[in-house]
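Listing of final_16.txt, compact mmCIF, C-alpha atoms
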```txt
# COMPACT_ATOMS: atom_id res chain seq x y z
CA MET R 1 11.47 -10.97 5.89
CA PHE R 2 13.95 -9.73 8.50
CA GLY R 3 16.33 -12.32 9.87
CA ALA R 4 17.44 -12.74 6.26
CA GLN R 5 20.02 -10.65 4.39
CA ALA R 6 19.61 -8.85 1.10
CA PHE R 7 21.69 -10.03 -1.82
CA ARG R 8 22.20 -9.15 -5.47
CA TRP R 9 22.42 -11.75 -8.24
CA SER R 10 23.93 -10.79 -11.60
CA ASN R 11 25.40 -12.87 -14.43
CA GLY R 12 25.30 -16.01 -12.32
CA VAL R 13 26.96 -14.46 -9.25
CA MET R 14 25.06 -13.81 -6.01
CA ILE R 15 26.31 -10.95 -3.84
CA ASP R 16 25.28 -10.72 -0.18
CA LEU R 17 24.42 -7.07 0.47
CA GLY R 18 24.79 -7.46 4.23
CA THR R 19 23.01 -5.36 6.86
CA LEU R 20 23.43 -2.13 8.83
CA GLY R 21 24.54 -4.18 11.80
CA GLY R 22 21.21 -5.80 12.60
CA LEU R 23 19.66 -9.17 11.85
CA GLY R 24 18.33 -8.69 8.32
CA SER R 25 17.75 -6.55 5.26
CA ALA R 26 15.23 -6.35 2.43
CA PRO R 27 15.44 -4.66 -1.01
CA ALA R 28 12.91 -2.23 -2.47
CA ALA R 29 14.34 -0.88 -5.73
CA ILE R 30 17.34 -0.98 -8.06
CA ASN R 31 18.56 1.54 -10.63
CA ASN R 32 20.38 0.87 -13.90
CA ARG R 33 23.77 1.38 -12.20
CA GLY R 34 23.03 -1.54 -9.91
CA ASP R 35 22.49 0.60 -6.79
CA VAL R 36 19.97 -1.04 -4.44
CA VAL R 37 17.82 0.62 -1.76
CA GLY R 38 15.67 -0.93 0.92
CA ARG R 39 15.53 -1.30 4.68
CA SER R 40 17.84 -3.02 7.14
CA GLY R 41 18.10 -3.74 10.81
CA THR R 42 20.64 -1.65 12.71
CA GLU R 43 22.80 -2.51 15.71
CA SER R 44 20.27 -0.74 17.95
CA GLY R 45 17.42 -2.90 16.63
CA GLU R 46 15.76 -0.19 14.52
CA ASN R 47 15.01 -0.55 10.81
CA HIS R 48 16.61 2.13 8.63
CA ALA R 49 16.54 2.92 4.92
CA PHE R 50 19.75 1.92 3.17
CA LEU R 51 21.60 2.59 -0.08
CA TRP R 52 23.92 -0.21 -1.28
CA ARG R 53 26.54 0.84 -3.81
CA ASN R 54 29.75 -0.86 -4.95
CA GLY R 55 29.86 -3.25 -2.04
CA VAL R 56 29.02 -0.76 0.71
CA MET R 57 25.68 -0.35 2.54
CA PHE R 58 24.96 3.21 3.72
CA ASP R 59 22.48 4.14 6.48
CA LEU R 60 20.24 6.98 5.22
CA GLY R 61 19.04 7.94 8.69
CA THR R 62 15.54 9.10 9.67
CA LEU R 63 13.42 12.27 9.87
CA GLY R 64 13.85 12.25 13.62
CA GLY R 65 11.83 9.17 14.52
CA GLY R 66 12.96 5.63 15.16
CA TRP R 67 12.82 4.12 11.67
CA SER R 68 12.81 4.82 7.95
CA GLU R 69 12.08 2.94 4.73
CA ALA R 70 13.31 3.57 1.18
CA SER R 71 10.91 3.12 -1.75
CA ASP R 72 12.77 4.11 -4.93
CA ILE R 73 16.04 5.44 -6.39
CA ASN R 74 16.90 7.28 -9.62
CA GLU R 75 20.09 7.25 -11.69
CA ALA R 76 21.45 10.29 -9.86
CA GLY R 77 21.26 8.35 -6.60
CA GLN R 78 18.34 10.32 -5.15
CA VAL R 79 16.29 8.11 -2.84
CA VAL R 80 12.68 8.52 -1.68
CA GLY R 81 10.79 6.88 1.13
CA TYR R 82 9.13 7.73 4.42
CA SER R 83 9.99 8.02 8.09
CA PRO R 84 8.40 9.24 11.33
CA THR R 85 9.29 12.76 12.42
CA GLU R 86 10.21 13.69 15.98
CA ASN R 87 6.51 14.12 16.82
CA GLY R 88 5.64 10.68 15.43
CA GLU R 89 3.94 11.72 12.18
CA ILE R 90 5.04 9.70 9.14
CA HIS R 91 6.30 11.95 6.34
CA ALA R 92 7.63 11.40 2.83
CA PHE R 93 11.31 12.19 2.25
CA VAL R 94 13.84 12.59 -0.54
CA TRP R 95 17.53 11.89 0.16
CA SER R 96 20.19 13.34 -2.13
CA GLY R 97 23.44 12.67 -0.29
CA ASP R 98 23.16 15.62 2.11
CA GLY R 99 20.51 14.09 4.33
CA MET R 100 16.73 13.72 4.19
CA ILE R 101 14.35 16.46 3.05
CA ASP R 102 10.88 16.29 4.62
CA LEU R 103 8.31 16.64 1.82
CA GLY R 104 5.44 17.47 4.16
CA THR R 105 1.83 16.49 3.49
CA LEU R 106 -1.36 17.64 1.72
CA GLY R 107 -2.55 19.04 5.02
CA GLY R 108 -3.10 15.79 6.91
CA ALA R 109 -0.84 13.93 9.33
CA SER R 110 0.90 11.46 7.02
CA SER R 111 2.56 11.17 3.64
CA PHE R 112 4.50 8.43 1.82
CA ALA R 113 6.88 8.93 -1.11
CA ILE R 114 6.60 6.09 -3.61
CA ALA R 115 8.67 6.93 -6.69
CA ILE R 116 11.14 9.44 -8.17
CA ASN R 117 12.14 10.14 -11.79
CA GLU R 118 15.41 11.32 -13.29
CA ALA R 119 14.43 15.00 -12.98
CA GLY R 120 13.88 14.59 -9.23
CA GLU R 121 10.07 14.72 -9.52
CA VAL R 122 8.48 12.69 -6.71
CA VAL R 123 5.07 11.07 -6.36
CA GLY R 124 3.42 9.59 -3.33
CA ASN R 125 0.28 9.59 -1.24
CA SER R 126 -0.86 11.82 1.58
CA ASN R 127 -3.77 12.46 3.89
CA THR R 128 -5.58 15.68 3.03
CA GLU R 129 -6.60 18.39 5.45
CA SER R 130 -10.32 17.89 4.86
CA GLY R 131 -11.46 14.59 6.30
CA GLY R 132 -8.06 12.92 6.11
CA GLU R 133 -8.78 11.45 2.68
CA LEU R 134 -5.83 9.80 0.93
CA HIS R 135 -4.81 11.52 -2.31
CA ALA R 136 -1.93 11.03 -4.70
CA PHE R 137 0.55 13.92 -4.75
CA TYR R 138 3.24 15.24 -7.10
CA TRP R 139 6.28 17.07 -5.63
CA PHE R 140 9.04 19.00 -7.37
CA GLN R 141 11.52 21.52 -5.98
CA GLY R 142 9.46 22.26 -2.90
CA ALA R 143 6.05 22.54 -4.60
CA THR R 144 3.37 19.91 -3.88
CA VAL R 145 0.35 19.29 -6.14
CA ASP R 146 -2.76 17.26 -5.25
CA VAL R 147 -3.33 14.86 -8.19
CA GLY R 148 -7.04 14.66 -7.42
CA THR R 149 -9.36 11.71 -8.16
CA LEU R 150 -11.60 10.15 -10.84
CA GLY R 151 -14.66 11.41 -9.02
CA GLY R 152 -14.42 9.46 -5.78
CA ASP R 153 -12.74 10.32 -2.50
CA GLN R 154 -9.40 8.54 -2.93
CA SER R 155 -6.46 8.25 -5.30
CA ILE R 156 -3.20 6.30 -5.01
CA ALA R 157 -0.03 7.12 -6.99
CA THR R 158 2.24 4.20 -7.81
CA ALA R 159 4.78 5.44 -10.38
CA ILE R 160 6.13 8.39 -12.40
CA ASN R 161 8.03 8.45 -15.69
CA ASN R 162 10.67 10.91 -16.90
CA VAL R 163 8.05 12.92 -18.78
CA GLY R 164 6.31 13.65 -15.48
CA GLN R 165 3.32 11.37 -16.13
CA VAL R 166 1.96 9.72 -12.98
CA ALA R 167 0.30 6.30 -12.88
CA GLY R 168 -1.98 4.99 -10.17
CA TYR R 169 -5.60 4.20 -9.38
CA SER R 170 -8.54 6.12 -8.02
CA LYS R 171 -12.06 5.62 -6.79
CA THR R 172 -14.64 6.70 -9.37
CA GLU R 173 -18.02 8.33 -8.73
CA SER R 174 -19.59 4.85 -8.73
CA GLY R 175 -17.16 3.64 -6.05
CA ASP R 176 -15.08 1.37 -8.33
CA TYR R 177 -11.31 1.70 -8.56
CA HIS R 178 -9.86 2.47 -12.01
CA ALA R 179 -6.29 2.89 -13.23
CA PHE R 180 -5.29 6.41 -14.22
CA ILE R 181 -2.56 8.49 -15.85
CA TRP R 182 -2.06 12.03 -14.57
CA SER R 183 -0.11 14.85 -16.19
CA LYS R 184 -0.26 18.59 -15.73
CA ASP R 185 -3.17 18.53 -18.21
CA GLY R 186 -5.27 16.47 -15.78
CA ILE R 187 -6.21 12.90 -14.86
CA ARG R 188 -7.29 10.17 -17.36
CA ASP R 189 -9.30 7.02 -16.64
CA LEU R 190 -7.64 3.99 -18.34
CA GLY R 191 -10.69 1.75 -18.06
CA THR R 192 -10.64 -2.01 -17.38
CA LEU R 193 -10.37 -5.39 -19.13
CA GLY R 194 -14.16 -5.68 -19.03
CA GLY R 195 -14.72 -5.80 -15.29
CA SER R 196 -15.16 -3.05 -12.70
CA TYR R 197 -11.62 -2.78 -11.34
CA SER R 198 -8.18 -1.80 -12.58
CA GLN R 199 -4.97 -0.70 -10.88
CA ALA R 200 -1.99 0.91 -12.62
CA THR R 201 1.32 0.03 -11.00
CA ALA R 202 4.11 1.21 -13.33
CA ILE R 203 4.69 3.47 -16.34
CA ASN R 204 7.64 3.81 -18.74
CA ASN R 205 8.84 6.88 -20.61
CA ALA R 206 6.77 5.96 -23.66
CA GLY R 207 3.63 6.26 -21.55
CA GLN R 208 3.01 2.49 -21.50
CA VAL R 209 1.32 1.40 -18.27
CA THR R 210 1.11 -2.00 -16.60
CA GLY R 211 -1.12 -3.16 -13.78
CA LEU R 212 -4.00 -5.43 -12.87
CA SER R 213 -7.63 -5.53 -13.94
CA ASP R 214 -10.52 -7.93 -13.69
CA ASP R 215 -12.26 -9.19 -16.81
CA ALA R 216 -15.97 -9.67 -17.35
CA SER R 217 -15.88 -13.01 -15.48
CA GLY R 218 -14.12 -11.48 -12.47
CA ASP R 219 -10.69 -13.04 -13.05
CA VAL R 220 -7.75 -10.69 -12.37
CA HIS R 221 -5.14 -10.43 -15.13
CA LEU R 222 -2.01 -8.45 -15.89
CA PHE R 223 -2.58 -5.67 -18.41
CA LEU R 224 -0.47 -3.48 -20.66
CA TRP R 225 -1.98 -0.11 -21.61
CA SER R 226 -0.44 1.53 -24.66
CA ALA R 227 -1.62 4.19 -27.12
CA GLY R 228 -5.09 4.33 -25.59
CA ARG R 229 -5.68 0.54 -25.53
CA MET R 230 -5.59 -1.92 -22.61
CA SER R 231 -4.31 -5.39 -23.56
CA ASP R 232 -4.66 -8.59 -21.52
CA LEU R 233 -1.27 -10.28 -20.91
CA ALA R 234 -0.83 -14.03 -20.49
CA THR R 235 -0.77 -15.20 -16.86
CA ILE R 236 0.53 -18.11 -14.80
CA GLY R 237 -2.14 -18.66 -12.19
CA THR R 238 -3.28 -15.59 -10.27
CA THR R 239 -1.12 -12.48 -10.38
CA SER R 240 -0.63 -9.96 -7.58
CA ASP R 241 0.38 -6.31 -7.59
CA SER R 242 3.64 -7.07 -5.80
CA GLY R 243 6.68 -6.30 -7.94
CA LEU R 244 4.65 -5.08 -10.91
CA ASP R 245 6.94 -2.91 -13.04
CA ILE R 246 7.63 -2.04 -16.69
CA ASN R 247 10.91 -1.02 -18.29
CA ALA R 248 11.88 0.91 -21.43
CA ARG R 249 11.80 -2.33 -23.45
CA GLY R 250 8.18 -2.98 -22.48
CA GLN R 251 9.12 -5.95 -20.27
CA VAL R 252 6.87 -6.44 -17.25
CA SER R 253 7.79 -8.00 -13.90
CA SER R 254 5.29 -9.32 -11.38
CA ASP R 255 4.41 -12.16 -9.03
CA SER R 256 2.18 -15.06 -9.97
CA THR R 257 0.68 -18.12 -8.35
CA THR R 258 1.95 -21.30 -10.03
CA SER R 259 -0.10 -24.41 -10.73
CA ALA R 260 1.34 -25.83 -7.49
CA GLY R 261 -0.17 -22.93 -5.56
CA THR R 262 3.12 -21.19 -4.68
CA ASN R 263 4.14 -17.61 -5.44
CA HIS R 264 6.89 -17.08 -8.04
CA ALA R 265 8.47 -13.97 -9.54
CA VAL R 266 7.70 -13.73 -13.28
CA LEU R 267 8.78 -11.61 -16.24
CA TRP R 268 6.71 -10.87 -19.35
CA ASP R 269 9.30 -10.47 -22.12
CA GLY R 270 6.95 -9.04 -24.75
CA ARG R 271 5.80 -12.47 -25.96
CA VAL R 272 5.37 -14.86 -23.02
CA LEU R 273 5.40 -14.82 -19.22
CA VAL R 274 8.61 -16.43 -17.87
CA ASP R 275 8.72 -18.08 -14.43
CA LEU R 276 11.94 -16.82 -12.76
CA GLY R 277 12.04 -19.73 -10.32
CA THR R 278 13.51 -19.81 -6.79
CA LEU R 279 16.77 -20.43 -4.92
CA GLY R 280 15.59 -23.92 -4.06
CA GLY R 281 12.66 -23.03 -1.83
CA ASP R 282 8.97 -22.83 -2.68
CA VAL R 283 8.49 -19.07 -3.00
CA SER R 284 10.03 -16.13 -4.84
CA PHE R 285 8.80 -12.58 -5.42
CA ALA R 286 9.69 -9.58 -7.58
CA GLU R 287 10.28 -6.07 -6.24
CA ASP R 288 11.68 -3.97 -9.10
CA LEU R 289 12.80 -4.13 -12.75
CA ASN R 290 15.44 -2.06 -14.53
CA ASP R 291 15.99 -1.33 -18.24
CA ARG R 292 18.62 -4.08 -18.51
CA GLY R 293 16.00 -6.71 -17.73
CA GLN R 294 17.31 -7.28 -14.20
CA VAL R 295 14.69 -8.04 -11.56
CA CYS R 296 15.41 -7.58 -7.85
CA GLY R 297 13.30 -9.38 -5.31
CA GLY R 298 13.50 -12.29 -2.92
CA SER R 299 13.39 -16.05 -2.75
CA GLN R 300 13.28 -18.83 -0.22
CA ILE R 301 16.28 -21.13 0.03
CA PRO R 302 15.77 -24.88 0.71
CA SER R 303 15.76 -24.31 4.50
CA GLY R 304 12.82 -21.92 4.11
CA GLU R 305 14.77 -18.77 4.97
CA ASP R 306 14.35 -15.69 2.75
CA ARG R 307 17.09 -14.11 0.66
CA ALA R 308 17.05 -11.01 -1.52
CA VAL R 309 17.97 -11.75 -5.13
CA LEU R 310 18.74 -10.11 -8.47
CA TRP R 311 17.73 -12.01 -11.61
CA THR R 312 19.27 -11.20 -14.98
CA VAL R 313 17.22 -12.50 -17.91
CA THR R 314 19.09 -12.74 -21.22
```

What is this file in structure tokens?
Amino acid sequence: MFGAQAFRWSNGVMIDLGTLGGLGSAPAAINNRGDVVGRSGTESGENHAFLWRNGVMFDLGTLGGGWSEASDINEAGQVVGYSPTENGEIHAFVWSGDGMIDLGTLGGASSFAIAINEAGEVVGNSNTESGGELHAFYWFQGATVDVGTLGGDQSIATAINNVGQVAGYSKTESGDYHAFIWSKDGIRDLGTLGGSYSQATAINNAGQVTGLSDDASGDVHLFLWSAGRMSDLATIGTTSDSGLDINARGQVSSDSTTSAGTNHAVLWDGRVLVDLGTLGGDVSFAEDLNDRGQVCGGSQIPSGEDRAVLWTVT
């Protein structure tokens, strides 16, 4: 979506977040303070991770390579993402104001940091030393733990809560992908909505998980997993995993295909799924959701160009 500029929308006011001197910017996450992280073009034509705070966009730099991308931010302003190193390997990083810390890998060539909680615990995905398999990892204060799998050869972490529980999905012994929760006690299979597939995308501090699963007929639906039970949420058309998030209030953001066949950002408010609309174009999408019910994402304007946006649902 480069060529467009990120913006924030709050209480009816849209704020252009600008760029790092290049042609465009795109958001990835927002915290409850309203800080936004993402990636932006620079004057030199590279794409760098940025932190936008109080009207100023900061360049977070790289791990020595030519680009970087931010994935998440916590309330303390710690940012995670990934960037190539000087030798070209892509590594996960955490940024805390004093520059990037390289989180290394599980023995393979690449790693990607996906999320960070308020304690500074980080989750992501990395190639392993044996066979280059992709496994979810947990990192805290320099120690890295392989989350493992549900019996297959792959696991993907997508989120972590402030209790240190990790959500994601893993290949099972039968070769299907199932949603999981991991804690230091081990990994738990969350099951499905009756089909063979499920994918956990976000988890709140109460241990509620949201994601996607197919039902017995093969249709893919949003789910909410809580207290050991997976519930099927109402849908508008076909949902995707883009922008899937859950906040402390149990609200869920996602994308959905409308009856007209276009993609719109949506919010499940605990009762119904609300279409968040667009800025006059055909398409909008969600990226992240905070505890105030604000959704950051993007939308087309009438000319067809993309703009980053912040929705506040009251």

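Proximity to R:Ser254 at 6 Å, evaluated using all atoms listed in the file and with sequence-adjacent residues fewer than 6 positions away removed, yields Gly243, Leu244, Ala265, Val266 and Ala286 of chain R.
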
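Straight-line separation from atom CA of R:Ser83 to atom CA of R:Trp95: 11.6 Å.
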
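Atom pair atom CA of R:Leu273 / atom CA of R:Gly218: separated by 20.9 Å.
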
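Nearest residue to R:Val166 among R:Ser110, R:Ser130, R:Ser299, R:Asn117 is R:Asn117, counting all atoms listed in the file.
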
Using all atoms listed in the file, which residues sit within 8 Å of stretch 182-196 of chain R once same-chain residues fewer than 3 positions away are excluded, as a PyMOL selection string? chain R and resi 147-150+164-167+176-179+213-218+223+225+228+230-232

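Across the model, the gap from atom CA of R:Leu267 to atom CA of R:Ser40 is 26.5 Å.
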
Which neighbours of R:Trp67 fall inside 7 Å, counting all atoms listed in the file, when residues of the same chain fewer than 5 positions from it are skipped, and could you give them as an MDAnalysis selection string? chainID R and resid 46:48 62 83:84

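Considering the residues R:Gln78, R:Ser71, R:Thr128, R:Gln251 and counting all atoms listed in the file, R:Ala115 has its shortest atom-to-atom contact with R:Ser71.
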
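The residue set within 10 Å of R:Phe137, counting only C-alpha atoms and dropping same-chain residues fewer than 3 places from it, reads Thr105, Leu106, Ser111, Phe112, Ala113, Ile114, Val122, Val123, Gly124, Asn125, Ser126, Asn127, Leu134, Thr144, Val145, Asp146, Val147, Gly148, Ser155, Ile156, Ala157 and Val166 of chain R.
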
Using only C-alpha atoms for the distances, tell me which of R:Ala206, R:Ile160, R:Ile30, R:Leu17 is nearest to R:Gly293. R:Ile30

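Residue nearest R:Asn247 within the list R:Asn31, R:Leu212, R:Leu222, R:Tyr197: R:Asn31 [criterion: smallest interatomic distance, only C-alpha atoms].
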
Just the residues within 6 Å of stretch 200-202 of chain R, please, counting all atoms listed in the file, with nothing from its chain fewer than 4 positions along; format it as a ChimeraX atom specification. /R:158-159,167-169,179,209-211,245-246

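Nearest residue to R:Gln199, choosing from R:Phe180, R:Phe50, R:Phe93, R:Trp311 and counting only C-alpha atoms: R:Phe180.
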
Best match for closeness to R:Leu51 among R:Ser303, R:Thr19, R:Asn161, R:Asn32, counting only C-alpha atoms: R:Thr19
